[in-house]
Structure formats: C-alpha cells, structure tokens
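Novice: File follows, query-v4.txt with compact mmCIF, C-alpha atoms and all ligand atoms:
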# COMPACT_ATOMS: atom_id res chain seq x y z
CA MET A 30 0.00 0.00 0.00
CA SER A 31 1.18 3.54 -0.74
CA SER A 32 1.44 5.82 2.29
CA ILE A 33 -1.76 7.42 3.55
CA THR A 34 -0.32 10.78 2.43
CA GLU A 35 -0.03 9.53 -1.15
CA ILE A 36 -3.47 7.96 -0.96
CA ILE A 37 -5.22 11.11 0.24
CA HIS A 38 -3.45 13.22 -2.36
CA SER A 39 -4.07 10.76 -5.18
CA VAL A 40 -7.76 11.66 -5.04
CA PRO A 41 -7.82 14.18 -7.89
CA VAL A 42 -8.62 17.88 -7.55
CA ASP A 43 -11.31 18.73 -10.15
CA GLU A 44 -9.54 20.15 -13.22
CA LEU A 45 -12.45 22.27 -14.36
CA THR A 46 -13.20 24.13 -11.09
CA GLY A 47 -10.46 23.31 -8.58
CA SER A 48 -13.02 21.58 -6.33
CA ILE A 49 -10.94 19.79 -3.70
CA SER A 50 -13.55 17.08 -3.29
CA VAL A 51 -14.48 14.83 -6.19
CA PRO A 52 -17.66 16.12 -7.90
CA VAL A 53 -20.64 13.78 -8.05
CA TYR A 54 -21.18 13.30 -11.78
CA GLN A 55 -24.89 12.57 -11.55
CA THR A 56 -25.48 11.85 -15.22
CA SER A 57 -26.50 8.95 -17.45
CA THR A 58 -24.77 10.06 -20.65
CA PHE A 59 -21.97 12.31 -21.94
CA VAL A 60 -22.36 14.66 -24.93
CA GLN A 61 -20.14 13.73 -27.87
CA GLU A 62 -18.43 16.10 -30.32
CA LYS A 63 -18.87 13.68 -33.21
CA PRO A 64 -20.08 10.07 -33.12
CA GLY A 65 -17.46 8.16 -31.16
CA VAL A 66 -15.46 11.31 -30.22
CA ASN A 67 -15.85 12.07 -26.51
CA LYS A 68 -13.89 13.13 -23.43
CA GLY A 69 -13.29 9.58 -22.24
CA TYR A 70 -16.83 8.78 -21.17
CA ASP A 71 -19.87 7.86 -23.24
CA TYR A 72 -22.49 6.13 -21.04
CA ALA A 73 -22.56 5.92 -17.24
CA ARG A 74 -22.80 2.12 -16.94
CA SER A 75 -19.52 1.84 -18.86
CA GLY A 76 -17.77 4.62 -16.97
CA ASN A 77 -18.35 7.61 -14.70
CA PRO A 78 -15.67 10.06 -13.46
CA THR A 79 -16.75 9.83 -9.79
CA ARG A 80 -16.62 6.05 -9.97
CA LYS A 81 -13.24 6.21 -11.73
CA ALA A 82 -11.84 8.33 -8.88
CA LEU A 83 -13.01 5.73 -6.35
CA GLU A 84 -11.69 2.82 -8.40
CA ASP A 85 -8.28 4.45 -8.76
CA VAL A 86 -7.90 5.19 -5.05
CA VAL A 87 -8.91 1.65 -4.07
CA ALA A 88 -6.45 0.13 -6.61
CA ARG A 89 -3.76 2.23 -4.94
CA LEU A 90 -4.89 1.28 -1.41
CA GLU A 91 -4.52 -2.40 -2.26
CA GLY A 92 -1.45 -2.07 -4.46
CA GLY A 93 -3.32 -3.51 -7.44
CA HIS A 94 -3.31 -2.59 -11.13
CA SER A 95 -6.96 -1.60 -11.24
CA ALA A 96 -10.22 -1.70 -9.29
CA TYR A 97 -13.91 -1.83 -10.19
CA ALA A 98 -16.81 -0.60 -8.06
CA PHE A 99 -20.05 -2.56 -7.70
CA ALA A 100 -23.44 -1.97 -6.10
CA THR A 101 -22.65 -4.28 -3.14
CA GLY A 102 -19.92 -6.59 -1.91
CA LEU A 103 -21.92 -9.52 -3.24
CA ALA A 104 -22.16 -7.94 -6.70
CA ALA A 105 -18.33 -7.72 -6.61
CA ILE A 106 -18.11 -11.41 -5.64
CA ASP A 107 -20.60 -12.26 -8.39
CA ALA A 108 -18.47 -10.46 -10.99
CA VAL A 109 -15.42 -12.55 -10.05
CA ALA A 110 -17.42 -15.80 -10.14
CA LYS A 111 -18.43 -14.89 -13.71
CA LEU A 112 -14.81 -15.43 -14.80
CA LEU A 113 -15.63 -19.16 -14.63
CA LYS A 114 -17.42 -21.52 -17.01
CA ALA A 115 -19.34 -24.78 -16.49
CA GLY A 116 -17.00 -27.56 -15.34
CA ASP A 117 -14.64 -25.24 -13.47
CA GLU A 118 -14.11 -25.57 -9.74
CA ILE A 119 -13.66 -23.24 -6.78
CA VAL A 120 -11.83 -24.30 -3.62
CA ALA A 121 -13.19 -22.03 -0.87
CA VAL A 122 -12.64 -21.42 2.83
CA ASP A 123 -15.22 -23.43 4.80
CA ASP A 124 -16.55 -20.58 6.91
CA ILE A 125 -16.92 -18.28 3.92
CA TYR A 126 -19.21 -15.24 4.24
CA GLY A 127 -22.80 -16.57 4.24
CA GLY A 128 -23.87 -14.51 1.23
CA ALA A 129 -20.99 -15.88 -0.84
CA TYR A 130 -21.94 -19.42 0.24
CA ARG A 131 -25.54 -18.80 -0.87
CA LEU A 132 -24.41 -17.37 -4.22
CA PHE A 133 -21.96 -20.18 -4.97
CA THR A 134 -24.19 -23.03 -3.79
CA HIS A 135 -27.59 -21.86 -4.97
CA VAL A 136 -26.67 -19.97 -8.14
CA TYR A 137 -23.30 -21.08 -9.52
CA GLN A 138 -23.49 -24.77 -8.59
CA LYS A 139 -26.68 -24.99 -10.70
CA LEU A 140 -24.73 -23.55 -13.63
CA GLY A 141 -22.20 -26.36 -13.43
CA ILE A 142 -19.49 -24.84 -11.23
CA ASN A 143 -18.32 -27.13 -8.45
CA ILE A 144 -17.32 -25.70 -5.07
CA ARG A 145 -15.27 -27.52 -2.43
CA TYR A 146 -15.17 -26.01 1.04
CA VAL A 147 -12.08 -26.72 3.14
CA ASP A 148 -10.45 -25.45 6.33
CA THR A 149 -7.83 -23.19 4.75
CA THR A 150 -6.16 -22.42 8.10
CA ASP A 151 -4.13 -25.55 7.30
CA VAL A 152 -2.49 -25.20 3.87
CA ALA A 153 -2.33 -29.00 3.45
CA ASN A 154 -6.14 -29.05 3.14
CA VAL A 155 -5.93 -26.65 0.20
CA VAL A 156 -3.24 -28.75 -1.49
CA ASP A 157 -5.47 -31.84 -1.11
CA ALA A 158 -8.59 -30.16 -2.48
CA VAL A 159 -7.12 -28.59 -5.62
CA THR A 160 -7.63 -30.46 -8.91
CA ASP A 161 -6.78 -29.59 -12.51
CA LYS A 162 -10.29 -28.11 -12.79
CA THR A 163 -9.70 -25.63 -9.95
CA LYS A 164 -9.72 -22.11 -11.37
CA LEU A 165 -10.17 -20.08 -8.18
CA ILE A 166 -8.97 -20.52 -4.61
CA TRP A 167 -11.19 -18.32 -2.50
CA ILE A 168 -10.25 -17.28 1.02
CA GLU A 169 -11.14 -14.79 3.73
CA SER A 170 -8.69 -13.98 6.49
CA PRO A 171 -9.72 -13.29 9.20
CA THR A 172 -13.07 -15.06 8.72
CA ASN A 173 -16.52 -14.24 10.01
CA PRO A 174 -17.39 -14.60 12.87
CA THR A 175 -14.69 -16.75 14.49
CA LEU A 176 -11.70 -14.82 13.05
CA LYS A 177 -9.83 -17.79 11.61
CA VAL A 178 -6.58 -16.81 9.90
CA SER A 179 -5.08 -18.44 6.80
CA ASP A 180 -1.55 -18.02 5.46
CA ILE A 181 -2.10 -15.96 2.29
CA GLU A 182 1.47 -16.26 1.02
CA GLN A 183 1.51 -20.07 1.31
CA ILE A 184 -1.88 -20.42 -0.36
CA ALA A 185 -0.72 -18.09 -3.16
CA HIS A 186 2.10 -20.57 -3.86
CA VAL A 187 -0.43 -23.40 -4.08
CA ALA A 188 -2.59 -21.35 -6.47
CA LYS A 189 0.35 -20.50 -8.69
CA ALA A 190 1.62 -24.09 -8.83
CA ASN A 191 -1.84 -25.19 -9.99
CA ASN A 192 -2.61 -22.39 -12.48
CA ALA A 193 -5.47 -21.17 -10.31
CA LEU A 194 -6.15 -17.59 -9.25
CA LEU A 195 -6.10 -16.70 -5.56
CA VAL A 196 -9.01 -14.48 -4.53
CA VAL A 197 -8.91 -12.89 -1.07
CA ASP A 198 -12.00 -11.26 0.41
CA ASN A 199 -10.14 -8.64 2.46
CA THR A 200 -13.23 -7.06 4.02
CA PHE A 201 -12.49 -8.04 7.63
CA ALA A 202 -8.84 -6.96 7.63
CA SER A 203 -9.27 -3.75 5.57
CA PRO A 204 -6.46 -2.52 3.29
CA ILE A 205 -4.89 -0.67 6.22
CA SER A 206 -4.14 -3.94 7.95
CA GLN A 207 -3.52 -6.35 5.08
CA ASN A 208 -2.68 -6.14 1.36
CA PRO A 209 -3.15 -9.60 -0.16
CA ILE A 210 -1.74 -8.68 -3.61
CA ALA A 211 1.65 -8.01 -2.02
CA LEU A 212 1.37 -11.51 -0.50
CA GLY A 213 0.71 -13.12 -3.89
CA ALA A 214 -3.08 -12.85 -4.39
CA ASP A 215 -4.47 -12.17 -7.87
CA ILE A 216 -7.79 -10.59 -6.91
CA VAL A 217 -8.94 -8.76 -3.77
CA ILE A 218 -12.56 -8.17 -2.86
CA HIS A 219 -14.06 -5.67 -0.47
CA SER A 220 -17.49 -5.16 0.85
CA ALA A 221 -17.02 -1.37 1.00
CA THR A 222 -20.15 -1.40 3.15
CA LYS A 223 -17.75 -2.12 6.04
CA TYR A 224 -14.34 -0.41 6.60
CA LEU A 225 -13.93 1.44 3.28
CA GLY A 226 -17.21 3.31 3.68
CA GLY A 227 -16.80 3.17 7.44
CA HIS A 228 -19.95 5.02 8.50
CA SER A 229 -22.70 2.38 8.17
CA ASP A 230 -24.44 4.59 5.61
CA LEU A 231 -24.20 2.66 2.33
CA VAL A 232 -23.68 -0.71 0.64
CA ALA A 233 -20.94 -1.09 -1.98
CA GLY A 234 -18.31 -3.52 -3.27
CA LEU A 235 -14.92 -3.42 -4.98
CA VAL A 236 -12.85 -5.87 -7.02
CA VAL A 237 -9.12 -5.13 -7.23
CA THR A 238 -6.93 -6.99 -9.74
CA LYS A 239 -3.20 -7.52 -9.71
CA THR A 240 -2.79 -7.38 -13.49
CA ALA A 241 -4.10 -5.27 -16.36
CA GLU A 242 -5.28 -8.41 -18.14
CA LEU A 243 -7.48 -9.53 -15.21
CA GLY A 244 -8.66 -5.94 -14.84
CA GLU A 245 -9.90 -5.93 -18.44
CA ARG A 246 -11.84 -9.13 -17.86
CA ILE A 247 -13.52 -7.73 -14.72
CA GLN A 248 -14.25 -4.43 -16.48
CA PHE A 249 -15.90 -6.35 -19.31
CA ILE A 250 -18.12 -8.19 -16.79
CA GLN A 251 -18.87 -4.94 -14.93
CA ASN A 252 -20.14 -3.35 -18.14
CA ALA A 253 -21.80 -6.50 -19.49
CA SER A 254 -23.69 -7.33 -16.27
CA GLY A 255 -24.16 -3.75 -15.13
CA GLY A 256 -23.95 -4.10 -11.33
CA ILE A 257 -22.17 -0.76 -10.92
CA LEU A 258 -22.07 1.59 -7.92
CA GLY A 259 -23.89 4.91 -8.43
CA PRO A 260 -21.94 8.21 -8.32
CA TRP A 261 -23.31 9.45 -4.99
CA ASP A 262 -22.27 6.28 -3.19
CA CYS A 263 -18.88 6.43 -4.95
CA PHE A 264 -18.45 9.92 -3.50
CA LEU A 265 -19.31 8.68 -0.01
CA VAL A 266 -16.85 5.77 -0.19
CA ILE A 267 -14.08 8.15 -1.33
CA ARG A 268 -14.87 10.38 1.65
CA GLY A 269 -14.76 7.35 3.93
CA ILE A 270 -11.38 6.28 2.55
CA GLU A 271 -9.87 9.67 3.38
CA THR A 272 -10.14 8.83 7.10
CA ILE A 273 -9.71 5.06 6.91
CA GLU A 274 -6.29 4.89 8.48
CA LEU A 275 -7.31 6.86 11.59
CA ARG A 276 -10.51 4.89 11.96
CA VAL A 277 -9.01 1.43 11.50
CA ARG A 278 -6.11 2.10 13.87
CA ARG A 279 -8.53 3.17 16.61
CA GLN A 280 -10.85 0.27 15.88
CA CYS A 281 -7.98 -2.22 16.15
CA GLU A 282 -6.78 -0.65 19.42
CA ASN A 283 -10.29 -0.86 20.83
CA ALA A 284 -10.70 -4.48 19.69
CA GLN A 285 -7.41 -5.44 21.34
CA VAL A 286 -8.40 -4.02 24.75
CA VAL A 287 -11.88 -5.47 24.47
CA ALA A 288 -10.46 -8.92 23.57
CA GLU A 289 -8.05 -8.80 26.52
CA TYR A 290 -10.82 -7.74 28.89
CA LEU A 291 -13.06 -10.58 27.67
CA ALA A 292 -10.25 -13.15 27.86
CA SER A 293 -9.86 -12.43 31.59
CA HIS A 294 -13.60 -12.42 32.37
CA PRO A 295 -14.93 -15.32 34.47
CA GLU A 296 -18.26 -15.52 32.57
CA VAL A 297 -16.51 -15.90 29.20
CA ASP A 298 -15.78 -19.29 27.65
CA ARG A 299 -13.78 -18.54 24.46
CA VAL A 300 -12.52 -15.34 22.84
CA HIS A 301 -11.72 -15.25 19.12
CA TYR A 302 -9.29 -12.49 18.17
CA PRO A 303 -6.10 -12.80 16.07
CA GLY A 304 -4.37 -10.22 18.31
CA LEU A 305 -4.42 -12.59 21.30
CA ALA A 306 -1.32 -14.77 21.70
CA SER A 307 -3.70 -17.70 22.35
CA HIS A 308 -5.15 -17.47 18.80
CA LYS A 309 -4.25 -20.54 16.69
CA ASN A 310 -2.63 -18.50 13.90
CA HIS A 311 -1.56 -15.44 15.89
CA ALA A 312 1.95 -15.58 14.42
CA ILE A 313 0.67 -15.64 10.83
CA ALA A 314 -1.74 -12.78 11.55
CA ALA A 315 1.09 -10.76 13.14
CA ARG A 316 3.16 -11.23 10.02
CA GLN A 317 0.56 -10.60 7.33
CA GLN A 318 -1.64 -8.01 9.07
CA ASN A 319 0.87 -5.28 9.65
CA GLY A 320 0.41 -5.53 13.45
CA LEU A 321 -3.27 -4.54 13.08
CA PHE A 322 -5.53 -7.44 14.01
CA GLY A 323 -8.88 -5.98 12.98
CA GLY A 324 -11.85 -4.38 14.70
CA VAL A 325 -13.99 -7.50 15.15
CA VAL A 326 -13.90 -9.73 18.24
CA SER A 327 -16.19 -12.65 19.02
CA PHE A 328 -16.69 -14.61 22.22
CA SER A 329 -18.89 -17.25 23.80
CA LEU A 330 -20.28 -17.43 27.31
CA LYS A 331 -19.67 -20.05 30.02
CA GLU A 332 -23.41 -20.57 30.07
CA ASP A 333 -23.55 -21.51 26.40
CA THR A 334 -27.19 -20.88 25.51
CA GLU A 335 -28.90 -18.67 22.96
CA GLU A 336 -31.02 -17.19 25.76
CA GLN A 337 -27.98 -16.05 27.72
CA ALA A 338 -26.44 -14.44 24.64
CA GLU A 339 -29.74 -12.81 23.73
CA GLN A 340 -29.93 -11.32 27.21
CA PHE A 341 -26.38 -9.97 26.83
CA VAL A 342 -26.77 -8.39 23.38
CA THR A 343 -29.87 -6.49 24.48
CA GLN A 344 -28.09 -4.93 27.48
CA THR A 345 -25.38 -2.85 25.82
CA SER A 346 -25.95 0.78 24.89
CA TYR A 347 -22.91 1.88 22.85
CA PHE A 348 -22.71 -1.49 21.09
CA LYS A 349 -25.87 -1.28 18.98
CA LEU A 350 -27.64 -4.52 18.15
CA ALA A 351 -27.27 -4.81 14.37
CA GLU A 352 -25.71 -6.85 11.60
CA SER A 353 -22.69 -5.50 9.68
CA LEU A 354 -19.35 -4.15 10.92
CA GLY A 355 -16.62 -1.65 10.27
CA GLY A 356 -18.50 1.57 11.04
CA VAL A 357 -17.54 4.33 13.47
CA LYS A 358 -20.26 3.21 15.91
CA SER A 359 -19.76 -0.12 17.67
CA LEU A 360 -22.15 -2.96 16.84
CA ILE A 361 -23.05 -6.20 18.58
CA CYS A 362 -24.75 -9.25 17.12
CA GLN A 363 -25.68 -12.81 17.90
CA PRO A 364 -24.66 -14.89 14.85
CA SER A 365 -26.76 -17.98 15.73
CA LYS A 366 -29.94 -15.88 15.59
CA MET A 367 -28.88 -13.23 13.08
CA THR A 368 -26.11 -13.53 10.47
CA HIS A 369 -25.88 -17.35 10.70
CA ALA A 370 -29.55 -18.18 11.44
CA SER A 371 -29.90 -19.99 8.10
CA VAL A 372 -26.92 -22.29 8.76
CA PRO A 373 -27.98 -25.68 10.23
CA ARG A 374 -27.03 -25.93 13.96
CA GLU A 375 -24.67 -28.90 13.47
CA LYS A 376 -22.76 -27.12 10.71
CA ARG A 377 -22.70 -23.93 12.74
CA LEU A 378 -21.27 -25.68 15.82
CA ALA A 379 -18.69 -27.50 13.68
CA SER A 380 -17.32 -24.17 12.49
CA GLY A 381 -17.11 -22.84 16.06
CA VAL A 382 -20.26 -20.72 16.05
CA GLN A 383 -21.54 -21.73 19.47
CA ASP A 384 -25.10 -20.99 20.63
CA SER A 385 -23.89 -18.19 22.88
CA LEU A 386 -21.39 -16.70 20.40
CA ILE A 387 -21.49 -12.90 20.36
CA ARG A 388 -19.75 -10.81 17.69
CA LEU A 389 -18.56 -7.29 18.39
CA SER A 390 -17.54 -4.73 15.78
CA CYS A 391 -15.55 -2.09 17.64
CA GLY A 392 -16.12 1.48 16.52
CA ILE A 393 -14.01 4.57 17.20
CA GLU A 394 -15.43 5.39 20.65
CA ARG A 395 -13.07 5.58 23.67
CA GLY A 396 -11.94 2.07 24.59
CA GLU A 397 -12.79 2.61 28.30
CA ASP A 398 -16.37 3.45 27.40
CA LEU A 399 -16.73 0.24 25.42
CA ILE A 400 -15.39 -1.80 28.35
CA GLU A 401 -17.86 -0.07 30.71
CA ASP A 402 -20.67 -0.94 28.33
CA LEU A 403 -19.69 -4.63 28.33
CA LYS A 404 -19.29 -4.63 32.15
CA HIS A 405 -22.82 -3.37 32.45
CA ALA A 406 -24.11 -6.19 30.21
CA PHE A 407 -22.25 -8.82 32.28
CA THR A 408 -23.73 -7.39 35.48
CA SER A 409 -27.24 -7.50 34.09
CA ILE A 410 -27.02 -11.13 32.95
CA LYS A 411 -25.72 -12.06 36.42
CA THR A 412 -28.50 -10.14 38.16
CA LYS A 413 -31.04 -11.89 35.95
CA GLU A 414 -29.56 -15.29 36.85
CA THR A 415 -29.74 -14.69 40.58
CA THR A 416 -33.28 -13.30 40.47
CA THR A 417 -34.62 -16.22 38.43
CA VAL A 418 -32.93 -18.96 40.53
C1 LIG B 1 -20.57 -7.97 4.21
C2 LIG B 1 -19.63 -8.89 3.55
C3 LIG B 1 -19.79 -9.26 2.21
C4 LIG B 1 -20.97 -8.82 1.37
O1 LIG B 1 -21.00 -7.46 1.17
P1 LIG B 1 -22.36 -6.64 0.93
O2 LIG B 1 -21.86 -5.27 0.72
O3 LIG B 1 -23.21 -6.82 2.13
O4 LIG B 1 -23.00 -7.23 -0.29
C5 LIG B 1 -18.83 -10.09 1.64
N1 LIG B 1 -17.79 -10.55 2.34
C6 LIG B 1 -17.61 -10.23 3.64
C7 LIG B 1 -16.45 -10.79 4.37
C8 LIG B 1 -18.52 -9.40 4.28
O5 LIG B 1 -18.35 -9.11 5.58
Will you turn the file into structure tokens for me?
Specialist:
Amino acid sequence: MSSITEIIHSVPVDELTGSISVPVYQTSTFVQEKPGVNKGYDYARSGNPTRKALEDVVARLEGGHSAYAFATGLAAIDAVAKLLKAGDEIVAVDDIYGGAYRLFTHVYQKLGINIRYVDTTDVANVVDAVTDKTKLIWIESPTNPTLKVSDIEQIAHVAKANNALLVVDNTFASPISQNPIALGADIVIHSATKYLGGHSDLVAGLVVTKTAELGERIQFIQNASGGILGPWDCFLVIRGIETIELRVRRQCENAQVVAEYLASHPEVDRVHYPGLASHKNHAIAARQQNGLFGGVVSFSLKEDTEEQAEQFVTQTSYFKLAESLGGVKSLICQPSKMTHASVPREKRLASGVQDSLIRLSCGIERGEDLIEDLKHAFTSIKTKETTTV
C-alpha cells in the first residue's frame, strides 16, 4: 500500500473548477463532439468520473493494477465468479461469508461450477482439495465470525503451482491492515459497506486486480452485467477512505483491549481475536496483518445458551444490536440468531459458532467506554440469573 499521504493526495482535484472534493457526476450520458469522439466517457454504466476516482484510489490502497466498483460486496463477488465456465471448480474457505456461500451453492453450482469447502487455516487441506479443474482458490482472512486466519502467502504458492487464481475477500482486515496482492493474491474483494465506507451509511463492493489483463476481464463483466455503484455512493466511499487509516487504527486498538478484557472475564468461555497470543494462527496474523488485528472480536459465554447471549446483546448501549461491521459506531450481534440463522445448527457448531457466540464490531469510541458498556451487560445477565434462581 502507498502511504496514507499519497493515498489522500491521489484523489484528484477537479480540473475544471479546482473543487478539492471529487464532484458527483450525476449523469447517465456524456455529450459527444462527433459520433465516437468524446472526453473519455460515453455512457454511465460503462464509466463515470466519480466512480473512476473511487476505483483508482482503491487500486492504490490495495497495491493492485486496477479496481472496479459494484453496487454491493456480493455484486463484486458475483463479478469474479463470472470469470468461470461450467466444469470449473472453486476451492473455498469453509466458513466463507454466508452470502458468498448462498451465491456459490444456490446460483453457480446450478450452472455447473463445483465448489469444495475446506479449512484453509491448514495449507495442506488446500493442497489436497485442488484439482486440474480448480480455477479459483477463495479465502477470507480473518473469517466471520470466528476470526480464523489463513496463510495468504503459502496459499498463493499453491494457487500458482496449480494455475489457479487466488481471490482474497479482504473485508475483515481492511487494506490498512492487510494487502493480499503483495502476498501473492491475484484478486482482492471488499465489501465497502464495512471499513472502506466506514460510517454504516451505504452498501458497496470493490474488485481489485493484480494485473491489467485480469482488470480488463472484470471491467468487461462490470459493463456487461451492469452491477455498478452509483456516483453518490462512490463519493461517499471516497470520503470514507480519506479517514480510513485513523478509523481502522482506533478500531484495532479498541478491539485489542476489548479482547483482553473478555479473555480475563470469568463468565466468558472462548474469545476469538487474532491479536491474542492464544489465537491458533496469531503468528501468521502478526506477520501478514501489519500488526493490526482488525476491529472485530467474538466470544462465547460459560453458560452456552442462545437465551444467555440474547440477554447480553440487548443490554449494551454503545454497542448497537445490528448486523454488519466496520462503522464508526460499535455494533453487537448474535450470529446464531442473526447472520448465521440460516446455517444448520450442526454445521454452525462444527465451524465454532456456538449458541452463545457474540460478535462485536468495535467502533471509534473511547476504549474505556466500550469496556464499561460490556461490564454493564455482564452485570445484568448475572442479576437476571440470581433473580430467576
Ligand atoms: C458484508 C460482507 C460481504 C458482502 O458485502 P455486501 O456489501 O453486504 O453485499 C462479503 N464478504 C464479507 C467478508 C462481508 O463481511
């Protein structure tokens, strides 16, 4: 990644007016001098200057050749899946984002694309799963919601040796913490709904490619399928990116203190956070995440029931009960009843999503205030226990 100074100053000043912020080009078409002679833009699905400014800054953030903006993170994932044809295979991380699982299994499998899900935290599993039909290896690191970490560099070697592309959904780490292209990935995906936007006020997605050739293929799909991000939302994501380094650093600091507090709490069973030395792949995370372990922490309770977790998540006041993550305001959710409600209980438990699992997305509030908020929730579940006994 370029320095944050270069990133902020790479966002262009408007040539026509000197506007220091990127204008919102709210238009569908661009007037031509003669048929086919234009100023670089002809129709807004194919290209828009506000979108181009966003795409360029995200390519720079991830150290890629080019980037393409889509209406949502899932539209970005969908565009990458469209690189494949019937008979091709994807080897994917087993606790892949639920929406990607739904898209692969219920849309692409029907079209003849086979998907194998494996635990990619152990590279040997990836080596075993790859066949000569494998075209994409698809990972997330850290994963949702149990923050499993995979070794991107090692998996990139496996991809290369097998003529497959490595795709990394980098949403949870953010480009401030981790740049998969520098570690050997071919394609990076972001749900810009999360850290890039950073204010819980939009949905958006980005695909970043390592090479010009892959960029052209994604651009073709972007124009052919049309799932683009509108200019107003492009403007908002650019504005979010201008403060991303400050936000993510604070969010990671908050998550670290929250994880340490939870790890020492007598009512807590397990804490999942790559910044804790007890995390299975802490050393890999330390190496590939630039010392920034992310803003999401999850934990389960000693009394491992959905009721106990439900009681907890309704007792916080700064941590708002909502799905999503990455915004300036902290969020809390109960995966078994919210984000992972559609996953069968057995499968959920197998991937570590216990009944009482609680996921926190730390915002940019003061760390002490977040701890106080959690203390209050612990006190109220205890009070409830003693009054009902
Ligand atoms: C949220 C999310 C997505 C999907 O993004 P949307 O913008 O909601 O479509 C994909 N991957 C990960 C890891 C996510 O957290």
Novice: At a cut-off of 8 Å and counting all atoms listed in the file, what residues surround ligand LIG 1 (chain B)? Please answer as number ranges by chain.
Specialist: A: 100-106, 125-126, 128-129, 169, 172-173, 198-201, 218-223, 232-234, 353-354
Novice: Tell me which of A:Glu332, A:Asp123, A:Glu375, A:Glu242 sits closest to A:Arg299, counting only C-alpha atoms.
Specialist: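 Counting only C-alpha atoms, the residue closest to A:Arg299 is A:Glu332.
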Novice: Pick out the closest residue to A:Ser95 from this set: A:Ile181, A:Leu243, A:Val120, A:Val109. Count all atoms listed in the file.
Specialist: A:Leu243
Novice: Using only C-alpha atoms, determine which residues lie at most 9 Å from A:Ile205, disregarding the query and same-chain residues fewer than 6 positions distant; provide the list as a list of chain:residue names.
Specialist: A:Met30, A:Leu90, A:Glu91, A:Ile273, A:Glu274, A:Val277, A:Arg278, A:Gln318, A:Asn319, A:Leu321
Novice: Do you have the atom CA of A:Phe328-atom CA of A:Pro174 distance handy?
Specialist: 9.4 Å
Novice: A:Asn192, A:Ser203, A:Ser359, A:Thr56: which is nearest A:Val87, counting all atoms listed in the file?
Specialist: A:Ser203
Novice: Will you model N, CA, C and O atoms for stretch 339-352 of chain A and pass it back as a short mmCIF file (atom, residue, chain, number, x, y, z; two decimals), in the coordinates of the input?
Specialist:
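Saved file part10.cif follows:
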data_model
loop_
_atom_site.label_atom_id
_atom_site.label_comp_id
_atom_site.auth_asym_id
_atom_site.auth_seq_id
_atom_site.Cartn_x
_atom_site.Cartn_y
_atom_site.Cartn_z
N GLU A 339 -28.70 -13.78 24.10
CA GLU A 339 -29.74 -12.81 23.73
C GLU A 339 -29.91 -11.75 24.82
O GLU A 339 -30.05 -10.57 24.55
N GLN A 340 -29.85 -12.24 26.07
CA GLN A 340 -29.93 -11.32 27.21
C GLN A 340 -28.77 -10.32 27.14
O GLN A 340 -28.97 -9.11 27.30
N PHE A 341 -27.57 -10.83 26.87
CA PHE A 341 -26.38 -9.97 26.83
C PHE A 341 -26.49 -8.90 25.74
O PHE A 341 -26.27 -7.71 25.98
N VAL A 342 -26.82 -9.33 24.51
CA VAL A 342 -26.77 -8.39 23.38
C VAL A 342 -27.86 -7.32 23.44
O VAL A 342 -27.80 -6.33 22.71
N THR A 343 -28.84 -7.53 24.35
CA THR A 343 -29.87 -6.49 24.48
C THR A 343 -29.57 -5.55 25.65
O THR A 343 -30.36 -4.68 25.96
N GLN A 344 -28.42 -5.75 26.31
CA GLN A 344 -28.09 -4.93 27.48
C GLN A 344 -27.01 -3.88 27.25
O GLN A 344 -26.69 -3.12 28.15
N THR A 345 -26.42 -3.85 26.07
CA THR A 345 -25.38 -2.85 25.82
C THR A 345 -26.03 -1.57 25.27
O THR A 345 -27.12 -1.63 24.70
N SER A 346 -25.37 -0.44 25.47
CA SER A 346 -25.95 0.78 24.89
C SER A 346 -25.09 1.39 23.79
O SER A 346 -25.61 1.83 22.78
N TYR A 347 -23.75 1.39 23.96
CA TYR A 347 -22.91 1.88 22.85
C TYR A 347 -22.84 0.83 21.74
O TYR A 347 -22.89 1.17 20.56
N PHE A 348 -22.68 -0.42 22.11
CA PHE A 348 -22.71 -1.49 21.09
C PHE A 348 -24.16 -1.67 20.66
O PHE A 348 -24.98 -2.20 21.41
N LYS A 349 -24.49 -1.19 19.46
CA LYS A 349 -25.87 -1.28 18.98
C LYS A 349 -26.11 -2.65 18.38
O LYS A 349 -25.25 -3.18 17.65
N LEU A 350 -27.29 -3.19 18.65
CA LEU A 350 -27.64 -4.52 18.15
C LEU A 350 -27.98 -4.43 16.66
O LEU A 350 -29.05 -3.94 16.29
N ALA A 351 -27.06 -4.88 15.82
CA ALA A 351 -27.27 -4.81 14.37
C ALA A 351 -26.27 -5.69 13.65
O ALA A 351 -25.17 -5.94 14.15
N GLU A 352 -26.65 -6.14 12.45
CA GLU A 352 -25.71 -6.85 11.60
C GLU A 352 -24.74 -5.83 11.00
O GLU A 352 -24.93 -4.64 11.16
#
